[in-house]
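target33.txt (compact mmCIF, C-alpha atoms)
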# COMPACT_ATOMS: atom_id res chain seq x y z
CA MET A 636 13.21 -93.67 -98.74
CA GLN A 637 13.14 -92.39 -102.29
CA VAL A 638 10.87 -89.54 -103.32
CA THR A 639 10.21 -87.73 -106.57
CA LEU A 640 10.22 -83.98 -106.26
CA LYS A 641 8.29 -82.33 -109.09
CA ILE A 642 8.96 -78.62 -109.39
CA LEU A 643 7.18 -76.18 -111.70
CA ARG A 644 10.20 -74.52 -113.28
CA TYR A 645 10.20 -71.25 -115.21
CA ASN A 646 13.10 -69.26 -116.59
CA PRO A 647 11.82 -66.01 -118.10
CA GLU A 648 14.87 -65.75 -120.38
CA LYS A 649 14.35 -69.18 -121.95
CA ASP A 650 10.86 -70.54 -121.35
CA ALA A 651 7.63 -69.43 -122.98
CA ARG A 652 5.69 -70.99 -120.11
CA PRO A 653 6.38 -72.90 -116.88
CA HIS A 654 7.04 -76.64 -117.13
CA TRP A 655 7.39 -79.51 -114.67
CA GLU A 656 10.76 -81.05 -113.90
CA SER A 657 11.23 -84.16 -111.75
CA TYR A 658 14.08 -84.97 -109.39
CA ARG A 659 14.58 -88.38 -107.81
CA LEU A 660 15.97 -87.92 -104.31
CA GLU A 661 16.92 -89.87 -101.23
CA ALA A 662 14.92 -88.42 -98.33
CA GLU A 663 14.29 -89.03 -94.65
CA PRO A 664 10.70 -88.95 -93.36
CA MET A 665 11.69 -86.09 -91.04
CA ASP A 666 13.17 -84.02 -93.91
CA ARG A 667 11.39 -80.79 -94.68
CA VAL A 668 10.42 -79.91 -98.24
CA LEU A 669 12.94 -77.08 -97.84
CA ASP A 670 15.68 -79.70 -97.30
CA LEU A 671 14.70 -81.39 -100.56
CA LEU A 672 14.84 -78.08 -102.42
CA HIS A 673 18.29 -77.44 -100.95
CA LYS A 674 19.39 -80.90 -102.04
CA VAL A 675 18.32 -80.14 -105.62
CA LYS A 676 19.93 -76.70 -105.64
CA TRP A 677 23.17 -77.60 -103.87
CA GLU A 678 23.81 -81.06 -105.28
CA GLY A 679 21.93 -81.15 -108.58
CA ASP A 680 20.80 -78.03 -110.36
CA GLY A 681 22.17 -74.73 -109.06
CA THR A 682 19.86 -72.72 -111.32
CA LEU A 683 16.81 -73.55 -109.20
CA ALA A 684 15.42 -70.35 -107.67
CA PHE A 685 13.36 -70.16 -104.48
CA ARG A 686 13.15 -67.87 -101.45
CA ARG A 687 14.01 -68.91 -97.92
CA SER A 688 15.60 -67.18 -95.01
CA CYS A 689 15.15 -68.39 -91.46
CA GLY A 690 14.11 -71.97 -92.13
CA HIS A 691 12.16 -71.98 -88.87
CA GLY A 692 8.68 -70.83 -89.83
CA ILE A 693 8.96 -67.23 -88.73
CA CYS A 694 10.30 -65.15 -91.64
CA GLY A 695 7.56 -66.09 -94.10
CA SER A 696 9.83 -66.37 -97.15
CA CYS A 697 9.26 -69.93 -98.29
CA ALA A 698 5.50 -70.05 -98.88
CA MET A 699 4.80 -72.26 -101.88
CA MET A 700 2.08 -74.56 -103.14
CA ILE A 701 3.05 -78.05 -102.01
CA ASN A 702 0.85 -80.95 -103.10
CA GLY A 703 -1.92 -78.53 -104.04
CA ARG A 704 -1.97 -76.46 -100.85
CA ASN A 705 -0.11 -73.36 -99.74
CA ARG A 706 2.40 -74.17 -97.02
CA LEU A 707 5.80 -73.08 -95.75
CA ALA A 708 8.46 -75.39 -97.21
CA CYS A 709 10.34 -75.15 -93.89
CA LYS A 710 7.38 -76.42 -91.84
CA THR A 711 6.26 -79.23 -94.13
CA LEU A 712 7.74 -82.66 -93.38
CA VAL A 713 7.98 -85.38 -96.01
CA LYS A 714 6.22 -87.83 -93.68
CA ASP A 715 3.27 -85.47 -93.18
CA LEU A 716 2.67 -85.22 -96.93
CA GLY A 717 2.45 -89.00 -97.11
CA THR A 718 3.07 -89.17 -100.86
CA GLU A 719 6.04 -90.49 -102.78
CA VAL A 720 5.64 -87.78 -105.43
CA ILE A 721 5.84 -84.26 -104.04
CA GLU A 722 4.64 -81.42 -106.25
CA VAL A 723 5.95 -77.91 -105.63
CA GLN A 724 4.80 -74.82 -107.50
CA PRO A 725 4.89 -71.09 -106.85
CA ILE A 726 2.05 -69.44 -104.90
CA ARG A 727 -0.75 -68.32 -107.21
CA GLY A 728 -2.03 -64.92 -108.23
CA LEU A 729 1.32 -63.09 -108.15
CA PRO A 730 3.59 -62.77 -111.22
CA VAL A 731 6.27 -65.51 -111.32
CA GLU A 732 9.77 -64.08 -111.67
CA LYS A 733 11.72 -67.36 -111.78
CA ASP A 734 10.87 -70.92 -110.71
CA LEU A 735 9.33 -70.57 -107.22
CA VAL A 736 10.08 -66.85 -106.80
CA VAL A 737 7.12 -64.52 -107.29
CA ASP A 738 6.86 -60.72 -107.36
CA MET A 739 5.55 -59.87 -103.87
CA GLU A 740 5.03 -56.17 -104.63
CA PRO A 741 1.23 -56.37 -105.27
CA PHE A 742 0.95 -58.17 -101.93
CA PHE A 743 2.94 -55.53 -100.04
CA LYS A 744 1.10 -52.72 -101.84
CA ALA A 745 -2.16 -54.07 -100.39
CA TYR A 746 -0.43 -54.36 -96.99
CA ARG A 747 0.59 -50.68 -97.05
CA ALA A 748 -2.87 -49.62 -98.26
CA VAL A 749 -4.49 -50.56 -94.92
CA LYS A 750 -1.96 -48.42 -92.97
CA PRO A 751 -0.57 -51.15 -90.72
CA TRP A 752 0.78 -48.89 -88.02
CA LEU A 753 -0.56 -47.25 -84.87
CA ILE A 754 -2.63 -44.16 -85.66
CA ASN A 755 -3.35 -41.96 -82.65
CA ASP A 756 -3.13 -38.17 -82.75
CA GLU A 757 -3.82 -37.71 -79.05
CA PRO A 758 -0.80 -36.42 -77.14
CA PRO A 759 1.12 -39.37 -75.70
CA PRO A 760 0.73 -39.86 -71.95
CA GLU A 761 3.73 -39.34 -69.71
CA ARG A 762 4.68 -43.03 -69.60
CA GLU A 763 2.73 -45.31 -71.94
CA ARG A 764 -0.67 -45.95 -73.50
CA LEU A 765 -2.07 -48.43 -71.02
CA GLN A 766 -4.07 -51.44 -72.12
CA SER A 767 -5.79 -54.15 -70.11
CA PRO A 768 -4.96 -57.83 -70.78
CA GLU A 769 -8.47 -58.22 -72.24
CA GLU A 770 -7.93 -55.30 -74.62
CA ARG A 771 -4.61 -56.82 -75.71
CA GLU A 772 -6.25 -60.21 -76.20
CA ARG A 773 -8.85 -58.73 -78.56
CA PHE A 774 -6.39 -58.39 -81.46
CA ASP A 775 -3.94 -61.15 -80.48
CA GLU A 776 -4.62 -63.45 -83.47
CA GLY A 777 -3.62 -60.81 -86.02
CA THR A 778 -0.25 -60.20 -84.36
CA LYS A 779 0.84 -63.74 -85.29
CA CYS A 780 0.94 -62.93 -89.03
CA ILE A 781 4.36 -63.34 -90.69
CA LEU A 782 3.33 -61.87 -94.09
CA CYS A 783 4.14 -65.08 -95.96
CA ALA A 784 1.20 -64.59 -98.38
CA SER A 785 -0.01 -68.18 -97.99
CA CYS A 786 -3.53 -66.93 -97.25
CA THR A 787 -3.79 -64.24 -99.90
CA THR A 788 -2.50 -66.52 -102.66
CA SER A 789 -4.86 -69.36 -101.68
CA CYS A 790 -7.91 -67.15 -102.19
CA PRO A 791 -9.96 -67.94 -105.34
CA VAL A 792 -11.18 -64.33 -105.46
CA PHE A 793 -7.61 -62.98 -105.27
CA TRP A 794 -6.51 -65.24 -108.17
CA VAL A 795 -9.00 -63.72 -110.58
CA ASN A 796 -10.24 -60.40 -109.21
CA GLY A 797 -7.20 -58.17 -109.71
CA THR A 798 -8.25 -55.50 -107.19
CA TYR A 799 -8.95 -57.48 -104.00
CA ILE A 800 -6.45 -56.52 -101.28
CA GLY A 801 -6.55 -60.11 -100.00
CA PRO A 802 -6.95 -61.82 -96.61
CA SER A 803 -3.51 -60.87 -95.27
CA ALA A 804 -4.09 -57.12 -95.63
CA VAL A 805 -7.43 -57.48 -93.83
CA VAL A 806 -5.76 -59.42 -91.00
CA GLN A 807 -3.25 -56.58 -90.64
CA ALA A 808 -6.06 -54.02 -90.61
CA HIS A 809 -7.89 -56.06 -87.96
CA ARG A 810 -4.79 -56.03 -85.77
CA PHE A 811 -4.98 -52.22 -85.51
CA ILE A 812 -8.74 -51.59 -85.78
CA PHE A 813 -9.35 -53.73 -82.70
CA ASP A 814 -6.41 -52.27 -80.77
CA SER A 815 -7.84 -50.03 -78.03
CA ARG A 816 -4.90 -47.60 -78.43
CA ASP A 817 -5.52 -47.08 -82.16
CA LYS A 818 -7.80 -44.31 -83.44
CA GLY A 819 -7.25 -44.81 -87.17
CA ALA A 820 -10.17 -47.06 -88.11
CA HIS A 821 -11.84 -44.32 -90.13
CA GLU A 822 -8.68 -43.80 -92.18
CA ARG A 823 -8.65 -47.51 -93.02
CA PHE A 824 -12.35 -48.03 -93.68
CA PRO A 825 -12.37 -46.24 -97.08
CA VAL A 826 -9.85 -48.82 -98.41
CA LEU A 827 -11.42 -51.78 -96.60
CA GLY A 828 -14.95 -50.78 -97.62
CA SER A 829 -14.10 -50.08 -101.27
CA THR A 830 -14.81 -52.48 -104.14
CA GLY A 831 -11.40 -54.13 -103.68
CA GLY A 832 -11.86 -54.38 -99.92
CA VAL A 833 -13.39 -56.85 -97.47
CA TRP A 834 -16.63 -57.32 -99.43
CA ARG A 835 -14.75 -59.30 -102.07
CA CYS A 836 -14.31 -62.03 -99.45
CA ARG A 837 -16.76 -64.83 -100.29
CA THR A 838 -15.82 -67.03 -97.35
CA ALA A 839 -14.16 -69.90 -99.23
CA TYR A 840 -11.95 -70.55 -96.16
CA ASN A 841 -8.82 -71.45 -98.17
CA CYS A 842 -6.99 -68.68 -96.30
CA THR A 843 -7.86 -70.11 -92.89
CA GLU A 844 -6.81 -73.62 -93.98
CA ALA A 845 -3.54 -72.32 -95.47
CA CYS A 846 -2.31 -70.08 -92.63
CA PRO A 847 0.88 -71.65 -91.18
CA ARG A 848 0.34 -69.59 -88.01
CA GLU A 849 -3.17 -70.93 -87.48
CA ILE A 850 -4.76 -67.49 -87.56
CA PRO A 851 -8.56 -67.79 -87.98
CA VAL A 852 -8.30 -65.54 -91.05
CA THR A 853 -11.90 -65.77 -92.26
CA GLN A 854 -13.17 -65.02 -88.76
CA LEU A 855 -11.06 -61.84 -88.62
CA ILE A 856 -12.28 -60.76 -92.07
CA GLN A 857 -15.89 -61.25 -90.96
CA GLU A 858 -15.20 -59.14 -87.85
CA VAL A 859 -13.84 -56.32 -90.03
CA LYS A 860 -16.94 -56.56 -92.26
CA ARG A 861 -19.17 -56.22 -89.20
CA ALA A 862 -17.02 -53.39 -87.81
CA ILE A 863 -17.57 -51.43 -91.03
CA MET A 864 -21.26 -52.29 -91.21
CA PHE A 865 -22.25 -51.63 -87.61
CA GLY A 866 -19.49 -49.23 -86.55
CA GLU A 867 -18.70 -51.37 -83.49
CA PHE A 868 -15.11 -52.29 -82.73
CA MET M 880 -6.42 -77.65 -108.96
CA TYR M 881 -5.94 -76.08 -105.54
CA ARG M 882 -6.80 -78.66 -102.90
CA GLY M 883 -9.16 -76.52 -100.85
CA ARG M 884 -11.57 -78.12 -98.43
CA GLU M 885 -15.34 -77.89 -97.83
CA GLY M 886 -15.43 -74.08 -97.83
CA GLN M 887 -13.86 -73.83 -101.28
CA TRP M 888 -16.34 -76.28 -102.82
CA ALA M 889 -19.26 -74.63 -101.06
CA PHE M 890 -18.15 -71.33 -102.63
CA TYR M 891 -17.61 -72.73 -106.15
CA LEU M 892 -20.96 -74.51 -106.15
CA HIS M 893 -22.67 -71.36 -104.85
CA ARG M 894 -21.14 -69.37 -107.73
CA ILE M 895 -22.03 -71.93 -110.41
CA SER M 896 -25.59 -72.26 -109.12
CA GLY M 897 -25.89 -68.46 -109.04
CA VAL M 898 -24.88 -68.18 -112.69
CA ALA M 899 -27.32 -70.97 -113.63
CA ILE M 900 -30.14 -69.14 -111.82
CA ILE M 901 -29.39 -65.88 -113.68
CA LEU M 902 -29.41 -67.72 -117.03
CA PHE M 903 -32.68 -69.43 -116.15
CA LEU M 904 -34.31 -66.16 -115.09
CA THR M 905 -33.22 -64.48 -118.33
CA LEU M 906 -34.76 -67.31 -120.33
CA HIS M 907 -37.88 -67.25 -118.18
CA VAL M 908 -38.45 -63.50 -118.52
CA THR M 909 -37.84 -63.71 -122.28
CA GLU M 910 -40.35 -66.53 -122.53
CA ILE M 911 -43.06 -64.72 -120.56
CA SER M 912 -42.51 -61.41 -122.32
CA SER M 913 -42.92 -63.11 -125.71
CA SER M 914 -46.65 -62.95 -124.95
CA MET M 915 -46.39 -59.26 -125.95
CA PHE M 916 -46.31 -60.47 -129.54
CA GLY M 917 -49.59 -62.33 -129.17
CA PRO M 918 -50.71 -65.87 -128.38
CA LYS M 919 -49.25 -67.30 -131.55
CA TRP M 920 -45.62 -66.68 -130.57
CA PHE M 921 -46.16 -67.35 -126.89
CA ASN M 922 -47.82 -70.73 -127.50
CA ALA M 923 -45.25 -71.71 -130.10
CA LEU M 924 -42.44 -70.98 -127.64
CA LEU M 925 -44.11 -72.90 -124.81
CA GLU M 926 -44.70 -75.83 -127.11
CA PHE M 927 -41.03 -75.78 -128.12
CA GLU M 928 -40.03 -75.81 -124.44
CA ALA M 929 -42.36 -78.68 -123.59
CA ASN M 930 -39.81 -81.36 -124.49
CA PRO M 931 -37.87 -83.52 -122.00
CA ILE M 932 -34.58 -81.69 -122.62
CA PHE M 933 -36.00 -78.43 -121.25
CA GLY M 934 -37.76 -80.51 -118.58
CA LEU M 935 -34.44 -81.98 -117.46
CA GLY M 936 -32.90 -78.51 -117.54
CA LEU M 937 -35.65 -77.33 -115.24
CA VAL M 938 -34.97 -80.17 -112.80
CA GLY M 939 -31.26 -79.23 -112.93
CA VAL M 940 -32.01 -75.57 -112.22
CA ALA M 941 -34.35 -76.55 -109.36
CA ALA M 942 -31.56 -78.70 -107.89
CA LEU M 943 -29.15 -75.75 -108.06
CA VAL M 944 -31.71 -73.26 -106.69
CA LEU M 945 -32.23 -75.46 -103.65
CA TYR M 946 -28.47 -75.66 -103.00
CA HIS M 947 -28.14 -71.90 -103.48
CA ALA M 948 -30.99 -71.28 -101.02
CA LEU M 949 -29.72 -73.64 -98.32
CA ASN M 950 -26.09 -72.55 -98.61
CA GLY M 951 -27.36 -68.96 -98.60
CA LEU M 952 -28.76 -69.63 -95.12
CA ARG M 953 -25.33 -70.96 -94.12
CA ILE M 954 -23.72 -67.75 -95.42
CA ILE M 955 -26.20 -65.61 -93.45
CA LEU M 956 -25.29 -67.51 -90.28
CA MET M 957 -21.57 -67.02 -91.02
CA ASP M 958 -22.04 -63.31 -91.71
CA PHE M 959 -24.30 -62.38 -88.82
CA THR M 960 -23.55 -64.71 -85.91
CA SER M 961 -20.47 -64.97 -83.74
CA TRP M 962 -20.30 -68.77 -84.16
CA GLY M 963 -21.16 -69.33 -87.84
CA VAL M 964 -17.58 -69.17 -89.14
CA LYS M 965 -16.34 -71.61 -86.51
CA TYR M 966 -18.92 -74.20 -87.51
CA GLN M 967 -18.93 -73.51 -91.25
CA ARG M 968 -17.93 -77.10 -92.09
CA GLN M 969 -20.67 -78.63 -89.95
CA LEU M 970 -23.13 -76.11 -91.39
CA TRP M 971 -22.19 -77.28 -94.90
CA TYR M 972 -22.91 -80.89 -93.97
CA GLY M 973 -26.18 -79.60 -92.51
CA VAL M 974 -26.95 -78.04 -95.91
CA TRP M 975 -26.55 -81.46 -97.54
CA ALA M 976 -28.62 -83.19 -94.88
CA LEU M 977 -31.46 -80.74 -95.52
CA TYR M 978 -30.86 -81.18 -99.23
CA VAL M 979 -31.53 -84.89 -98.98
CA VAL M 980 -34.67 -84.37 -96.89
CA ILE M 981 -36.18 -81.56 -98.97
CA GLY M 982 -34.50 -81.93 -102.34
CA PHE M 983 -34.72 -85.61 -103.15
CA PRO M 984 -38.54 -85.92 -102.87
CA MET M 985 -38.91 -82.66 -104.81
CA LEU M 986 -36.54 -83.68 -107.59
CA PHE M 987 -38.04 -87.18 -107.92
CA ALA M 988 -41.51 -85.66 -108.16
CA MET M 989 -40.28 -83.27 -110.85
CA LEU M 990 -38.60 -86.09 -112.82
CA GLY M 991 -41.84 -88.07 -112.69
CA HIS M 992 -43.60 -85.02 -114.05
CA VAL M 993 -41.10 -84.57 -116.90
CA PHE M 994 -41.13 -88.19 -118.04
CA GLY M 995 -44.64 -89.17 -116.91
CA GLY M 996 -46.28 -86.49 -119.02
CA GLY M 997 -47.99 -84.54 -116.25
CA GLU M 998 -50.82 -85.30 -113.84
How does the structure come out when it is put into structure tokens?
Amino acid sequence: MQVTLKILRYNPEKDARPHWESYRLEAEPMDRVLDLLHKVKWEGDGTLAFRRSCGHGICGSCAMMINGRNRLACKTLVKDLGTEVIEVQPIRGLPVEKDLVVDMEPFFKAYRAVKPWLINDEPPPERERLQSPEERERFDEGTKCILCASCTTSCPVFWVNGTYIGPSAVVQAHRFIFDSRDKGAHERFPVLGSTGGVWRCRTAYNCTEACPREIPVTQLIQEVKRAIMFGEF
Amino acid sequence: MYRGREGQWAFYLHRISGVAIILFLTLHVTEISSSMFGPKWFNALLEFEANPIFGLGLVGVAALVLYHALNGLRIILMDFTSWGVKYQRQLWYGVWALYVVIGFPMLFAMLGHVFGGGE
């Protein structure tokens, strides 16, 4: 089958603003959008810039807006899109560096702000910090995050607010706040409870729809809100 | 346009209706407080507002207030129950079902009032 791949191109050294370019390609229904991008870059226009690494939905490099929704190019099949014209543009709300490559630094700054590591000043036990299967299950969803930024850059508040840390950072915070071994919730709450924190979430659910790992993102954000409000976690 | 689903549109409409309510309240408070300058100004302003354009605006604001109120209940359920987020889509359809039951009779009655010239 033939498809038209429309890519929002931008070269900061030449273009005043991004513009659409179309590529007519031969594609198989089981091709991934990543395969089509490779075809353009390797066989057509080598100047096309995009990020990808593993190609198997685990590194989180190839998040982009495909047919109006954030998805991983490596997990999106041509047949699942069901359209002959496929539109690809960079994820929103982060500065575009070139074509589909965005500056991820604001995203990772928000990630670091919630201290995504185990905080526990108690002396370590002789062998390990034991945890029951139920206690491990409590924060399981958050451990699936691959930091692809699909959720954060699908959030209407993140696009315009400028200070909101975004859904992904809250998911990361949730992963540690609800970990029975972690004692750092009160170090994280000042950031999460500030004006750029969880209260900016207005439950638009784009994050939950966008997550390629099927994390119930909005649910986790709501749990962090309640943890701050009621002090129960 | 980002192709979000029900939640995104529920949020946008909630925002837009919120802004409309603020604008209406500002106008309303201005109108009422004009009575400070005596009956002459107050009556003149009310007379000016008694035309069908303002009447239609009022019906529009009432329509948005009702959405804002019903979706507000949905948001309360999502914020304070363990199941609200899971059923947010169904809750939104519930908002529209209630909207039809409560809103349509109310809005038709108001339209009759605007164009029928009162009681």
Please produce, as JSON lines, a per-residue contact table for chain M versus chain A (criterion: any atom at most 7 Å away, all atoms listed in the file considered), showing the nearest atom pair and its distance in Å to one decimal, sorted by chain then residue number.
{"residue": "M:Met880", "atom": "CA", "partner": "A:Gly703", "partner_atom": "CA", "distance": 6.7}
{"residue": "M:Tyr881", "atom": "CA", "partner": "A:Gly703", "partner_atom": "CA", "distance": 4.9}
{"residue": "M:Arg882", "atom": "CA", "partner": "A:Gly703", "partner_atom": "CA", "distance": 5.0}
{"residue": "M:Gly883", "atom": "CA", "partner": "A:Asn841", "partner_atom": "CA", "distance": 5.7}
{"residue": "M:Gly886", "atom": "CA", "partner": "A:Ala839", "partner_atom": "CA", "distance": 4.6}
{"residue": "M:Gln887", "atom": "CA", "partner": "A:Ala839", "partner_atom": "CA", "distance": 4.4}
{"residue": "M:Phe890", "atom": "CA", "partner": "A:Ala839", "partner_atom": "CA", "distance": 5.4}
{"residue": "M:Asp958", "atom": "CA", "partner": "A:Gln857", "partner_atom": "CA", "distance": 6.5}
{"residue": "M:Val964", "atom": "CA", "partner": "A:Gln854", "partner_atom": "CA", "distance": 6.1}
Quiz item: If you count all atoms listed in the file, which residues fall within 9 Å of A:Arg773, apart from same-chain ones fewer than 4 positions away, as number ranges by chain?
Solution: A: 768-769, 810, 813-815
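In this model, the gap between atom CA of M:Leu935 and atom CA of M:Ser914 comes to 23.8 Å.
Comparing the minimum interatomic distances between M:His893 and each of M:Phe927, M:Met915, M:Trp920, M:Val944, counting all atoms listed in the file, we find that M:Val944 sits nearest.
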Exercise. Find the residues near A:Val675: any atom within 12 Å, counting all atoms listed in the file, skip ones fewer than 4 places away on the same chain, and give them as a PyMOL selection string.
Key: chain A and resi 639-642+656-662+668-671+679-685
Determine the axis-aligned bounding box of all atoms of stretch 745-755 of chain A present in the file, pad each side by 4 Å, and express its centre and edge lengths in Å to one decimal place as lines of an AutoDock Vina configuration file.
center_x = -1.9
center_y = -48.2
center_z = -91.5
size_x = 13.3
size_y = 20.4
size_z = 25.7
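Take atom CA of A:Gly728 and atom CA of A:Trp794: the distance between them is 4.5 Å.
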Exercise. Could you jot down the atom CA of M:Ile932 to atom CA of M:Leu892 separation for me, Å, one decimal place?
Key: 22.5 Å
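The closest residue to M:Leu949, picked from M:Ala929, M:Val974, M:Leu937, M:Met989 and counting all atoms listed in the file, is M:Val974.
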Residue list as a compact mmCIF listing (two decimals) with C-alpha atoms, in the frame of the given file for point (-0.9, -55.6, -81.9), cut-off 10 Å, all atoms listed in the file:
# COMPACT_ATOMS: atom_id res chain seq x y z
CA PRO A 751 -0.57 -51.15 -90.72
CA TRP A 752 0.78 -48.89 -88.02
CA LEU A 753 -0.56 -47.25 -84.87
CA ARG A 771 -4.61 -56.82 -75.71
CA GLU A 772 -6.25 -60.21 -76.20
CA ARG A 773 -8.85 -58.73 -78.56
CA PHE A 774 -6.39 -58.39 -81.46
CA ASP A 775 -3.94 -61.15 -80.48
CA GLU A 776 -4.62 -63.45 -83.47
CA GLY A 777 -3.62 -60.81 -86.02
CA THR A 778 -0.25 -60.20 -84.36
CA LYS A 779 0.84 -63.74 -85.29
CA GLN A 807 -3.25 -56.58 -90.64
CA HIS A 809 -7.89 -56.06 -87.96
CA ARG A 810 -4.79 -56.03 -85.77
CA PHE A 811 -4.98 -52.22 -85.51
CA ILE A 812 -8.74 -51.59 -85.78
CA PHE A 813 -9.35 -53.73 -82.70
CA ASP A 814 -6.41 -52.27 -80.77
CA SER A 815 -7.84 -50.03 -78.03
CA ARG A 816 -4.90 -47.60 -78.43
CA ASP A 817 -5.52 -47.08 -82.16
Practice problem: Go ahead and find all residues with at least one atom no further than 12 Å from (9.5, -63.8, -112.7) in the file's coordinates, using only C-alpha atoms; report them as number ranges by chain. | Solution: A: 644-653, 684-685, 725, 729-740
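Compared by their closest atoms to M:Glu928, and using all atoms listed in the file, the residues M:Ser912, M:Val993, M:Ile895, M:Leu945 rank with M:Val993 nearest.
The closest residue to M:Gly936, picked from M:Phe903, M:Phe983, M:Trp962, M:Trp888 and counting only C-alpha atoms, is M:Phe903.
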